[in-house]
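Engineer: Sending over a structure as structure tokens; questions will come in a sec.
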Number of protein chains: 2
Amino acid sequence: MTEREPRTVRRGRPRQAEVARLAGVSQTTVSLVLGGNKQGIVIQEATRDRVLEAARTLGYVPDPAARRLAAARNNLLGVFSFTATFPTEVEHSYYRFLVGIEQEAAARGYDLVLFTGSSSGGAGAGAPGALDRVRLADGCLLLGRHVPSEPLRRLVADGFPLVHLGRRDEPEGLAWAGADYAAASAEVVEHLAGLGHRRVLLVREDDDAQASADRQRGFLDGLAAAGLPAPEGTVVRTARPAAEIDAAWLRARHAEGVTAFVAEETDTGDAWRALTAAVSGAGLRVPEEVSLALLGSPPADLAGAPEPTGFDIPRAEMGATAVRLLTDLLADGHRPSQALVTCAFRPGSTVAPPPRRASPPPPRPPSP
Amino acid sequence: MTEREPRTVRRGRPRQAEVARLAGVSQTTVSLVLGGNKQGIVIQEATRDRVLEAARTLGYVPDPAARRLAAARNNLLGVFSFTATFPTEVEHSYYRFLVGIEQEAAARGYDLVLFTGSSSGGAGAGAPGALDRVRLADGCLLLGRHVPSEPLRRLVADGFPLVHLGRRDEPEGLAWAGADYAAASAEVVEHLAGLGHRRVLLVREDDDAQASADRQRGFLDGLAAAGLPAPEGTVVRTARPAAEIDAAWLRARHAEGVTAFVAEETDTGDAWRALTAAVSGAGLRVPEEVSLALLGSPPADLAGAPEPTGFDIPRAEMGATAVRLLTDLLADGHRPSQALVTCAFRPGSTVAPPPRRASPPPPRPPSP
DNA sequence: CCTCTCGACTAATACGCATTAGCTGACGGG
DNA sequence: CCCGTCAGCTAATGCGTATTAGTCGAGAGG
């Protein structure tokens, strides 16, 4: 039942052998001319030209798999993410990474392979072997907060060149390019303190990502640096921001003397979303009565709203840095290294000095 | 002086051969058990179990490169665009294509290769042989309006599986997945006519893209279907919309009895941008005094403005369709085909019946 | 008995490229 | 005049897996 099409279906893709035949030389010579020829074998100018000419006319392109198998390089960098690389939600944060990744990869002569295993349509990132497909490329970039450890550990142990986008200490020796959330978060807090705020709260989602932890640490460091206390309840961690961070909750905190709220940015932006909703639900004006800050960028659908004070994550730069790290790894096989990219403070318009009168806010009629 | 490390440096990664030795079978059997065994060769339950057990204890993971080499296909789909795939401008239209492409590719077990050659950092899409690199994949998707014909023609002639995103008749036999701009444009015009508009103008940029031509055709077809004339000047084509479509121009057209303006969507959105600017410059209210429609989606930076009446280009669906076309091509080697995806009409809020006061449109002699 | 399936595997080979041993003819020194 | 270089190639392998031809023993059928 198997149709044994002889040579007809032969994909147009030419091999070195075909090039060799056309140029009247051996396959070896073709490999020598087109490949690196690191052995320093001497080839005559004329021969070399014939080969190049033949390759051009046939449109020869090396097979990445074969190249890889023969223990050489592909010039392919993998990109693997643990959720779809292009999520359906508009303007997902990965896009910005990709901008930097593509540019830097292009500049260094690498093409990109997007491993789609984890996309919703596919088998899922959890599928056994999904991560192993990256071995097709020379090295791979990892995106996403929630990366399964076990397969990763294995890759690292085998010495496969990997760079994680975002700080990650988990498998010992994994290289990464991260944003300096801690420093940026501290800066935001110190900015608030400088304006006169004494009681500042951090709202974070119930998430164990390193990025969340870093922000919290920076937040607390910022408080400490400003000489402010961090009593119990200073960091609010909730799995369901929309439900728990509501107008009543916010009014209560405000009544206790909290004048500024800080939210972390996450994939969904839920913390920030809940916070802003709660504030407007409570009828408080921003920034006159209460200051808000966002440790990251606002979700795209809130683009119309006033620009939140906080910082911007230099995603494109992180992507470029990660590519740089990876290609360096490929080049000199140095041991994995890591890089922190600085975030840019964004002044925004959601913070101001706290209201003068230290008394609790006036009771307002419920909004219609 | 060749370092012939015997077994020591043997990559921690075991091969099928090692598994075979441990299980006391041949490498072939291992391949049969662990691979698909599409040949339907019968293996005893006990043997199969021994192999699986051995594979587990050794932590065997198949080498994707070898697998793809042996399979004579690499399960890679190329994505080639003639501008950077991830342009720096926010929310570029390619993103939406990619959403669909990634999903569908994942669902069909393909990974994606992004050819970065055309990115700003690289050699540029014009570089000789830039397009030839796509031969590395099993097939390739082409994005972008302005695709150089010559290298493309070659690829097509060689039978390399290619699908263009967007209608394209140029190289005979090129497959494509396009949006049905003509039908959608006609629908918009008929909608306007149904509301009572008699004089409708189309503003298009000076661009020879097929997409522009299709919209114009649909626009004219729509007029015809509604029984409206299309006198000279009904289609306004300008290279510099911002300069030529200004308040004065708009006021003049309005005075002539034109009650609705339609703009095409382009990469830049300049036509629409100019049109809206001109209308507000002319002090005309939308949609009370003048109706506007956009053949496509508005640029992202105009997201705050009222939603334009028009249609949405189903980009994700187009991407998915293109992938489907391409994989079908790969599977049964059928001759290239094309697919039109329907655009969804978007009611929006920029059109309304024309103003009541029937300042009689100048009875112009319809040109024959 | 001896050929003939048939079940259950295994040996051999192909995939496309890189690499490593040759191999050949020209030239030069002794 | 013979051997050793050496420039310039080519033949032969290997990489890890999938596939295709067997191979081999055990029953079945004649």
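In the structure tokens, the first chain shown is A, the next is B, and so on; residue numbers restart at 1 for each chain, and ligands run from 1 in the order shown.
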Specify as a PyMOL selection string all residues of chain C found within 8 Å of chain A, counting only C-alpha atoms (C1' of nucleotides).
Structural biologist: chain C and resi 15-18
Engineer: Report as a VMD selection string all protein, DNA and RNA residues lying within 12 Å of Arg324 in chain A, evaluated on only C-alpha atoms (C1' of nucleotides), omitting residues in the same chain fewer than 5 positions from it.
Structural biologist: chain A and resid 77 100 to 110 139 to 141 162 to 163 165 175 to 177 317 to 319 329 to 331 336 to 339
Engineer: Can you write out the residues you just picked, keeping C-alpha atoms, as a CSV table (one decimal), in the first residue's frame?
Structural biologist:
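And here's result29.csv as it stands now:
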chain,number,residue,atom,x,y,z
A,77,LEU,CA,18.4,29.1,18.2
A,100,GLY,CA,14.7,41.9,21.0
A,101,ILE,CA,15.3,38.2,20.4
A,102,GLU,CA,14.7,38.4,16.7
A,103,GLN,CA,16.9,41.5,16.2
A,104,GLU,CA,19.8,40.1,18.1
A,105,ALA,CA,19.6,36.7,16.6
A,106,ALA,CA,19.5,38.2,13.1
A,107,ALA,CA,22.5,40.4,13.9
A,108,ARG,CA,24.4,37.3,14.9
A,109,GLY,CA,23.3,35.2,11.9
A,110,TYR,CA,21.0,32.9,13.7
A,139,GLY,CA,20.8,26.2,22.0
A,140,CYS,CA,17.6,27.4,23.4
A,141,LEU,CA,15.9,30.3,25.1
A,162,LEU,CA,20.1,27.1,27.6
A,163,VAL,CA,19.2,30.6,28.7
A,165,LEU,CA,14.4,34.7,30.2
A,175,ALA,CA,22.0,30.7,32.6
A,176,TRP,CA,19.5,33.5,32.6
A,177,ALA,CA,18.9,37.1,31.7
A,317,GLU,CA,16.6,44.4,25.9
A,318,MET,CA,16.2,41.3,28.0
A,319,GLY,CA,15.6,39.3,24.9
A,329,LEU,CA,27.8,30.1,25.4
A,330,LEU,CA,27.8,28.5,22.0
A,331,ALA,CA,30.9,30.2,20.9
A,336,PRO,CA,26.6,29.6,32.1
A,337,SER,CA,26.4,33.1,33.3
A,338,GLN,CA,23.6,35.4,34.2
A,339,ALA,CA,22.7,39.0,33.5
Engineer: Could you write out as an MDAnalysis selection string the residues of chain D within 6 Å of chain B, counting only C-alpha atoms (C1' of nucleotides)?
Structural biologist: chainID D and resid 16:18
Engineer: Find the residues near DT5 in chain C: any atom within 12 Å, counting only C-alpha atoms (C1' of nucleotides), skip ones fewer than 4 places away on the same chain, and give them as a list in words.
Structural biologist: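 Result of the neighbour search: DA26, DG27, DA28 and DG29 of chain D.
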Engineer: If chain B is superposed onto chain A by least squares using every Cα atom in order, what is the RMSD, in Å to one decimal?
Structural biologist: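 When all C-alpha atoms are superposed, the deviation is 5.1 Å.
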Engineer: Residues of range 27-211 of chain A classed as alpha helix (DSSP H) by DSSP on the backbone are to be reported as a PyMOL selection string.
Structural biologist: chain A and resi 27-34+45-58+64-69+93-107+149-157+181-195+210-211
Engineer: Counting only C-alpha atoms (C1' of nucleotides), which of A:Arg346, A:Arg48, A:Arg315, A:Arg204 gets nearest to DC9 in chain D?
Structural biologist: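 Smallest separation from DC9 in chain D among the options: A:Arg48.
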Engineer: Which residues are close to range 11-13 of chain D, i.e. within 10 Å by only C-alpha atoms (C1' of nucleotides), leaving aside same-chain residues fewer than 4 positions away? Reply as a ChimeraX atom specification.
Structural biologist: /A:26,28 /C:19-23
Engineer: Quick one, how far is CA of Leu34 in chain B from CA of Val51 in chain B?
Structural biologist: 8.2 Å
Engineer: Restricting the calculation to only C-alpha atoms: of A:Pro14, A:Gly269, A:Pro287, A:Pro308, which residue gets closest to chain B?
Structural biologist: A:Pro14
Engineer: What lies within 10 Å of Gly296 in chain B using only C-alpha atoms (C1' of nucleotides), ignoring chain neighbours under 2 positions off, as a list in words?
Structural biologist: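 These residues fall inside the cut-off: Tyr181, Ala184, Ser185, Arg215, Ala263, Glu264, Glu265, Thr266, Gly269, Trp272, Ala293, Leu294, Pro298, Pro299, Pro308, Thr309, Gly310, Phe311, Asp312, Ile313, Pro314, Cys343, Ala344, Phe345 and Arg346 of chain B.
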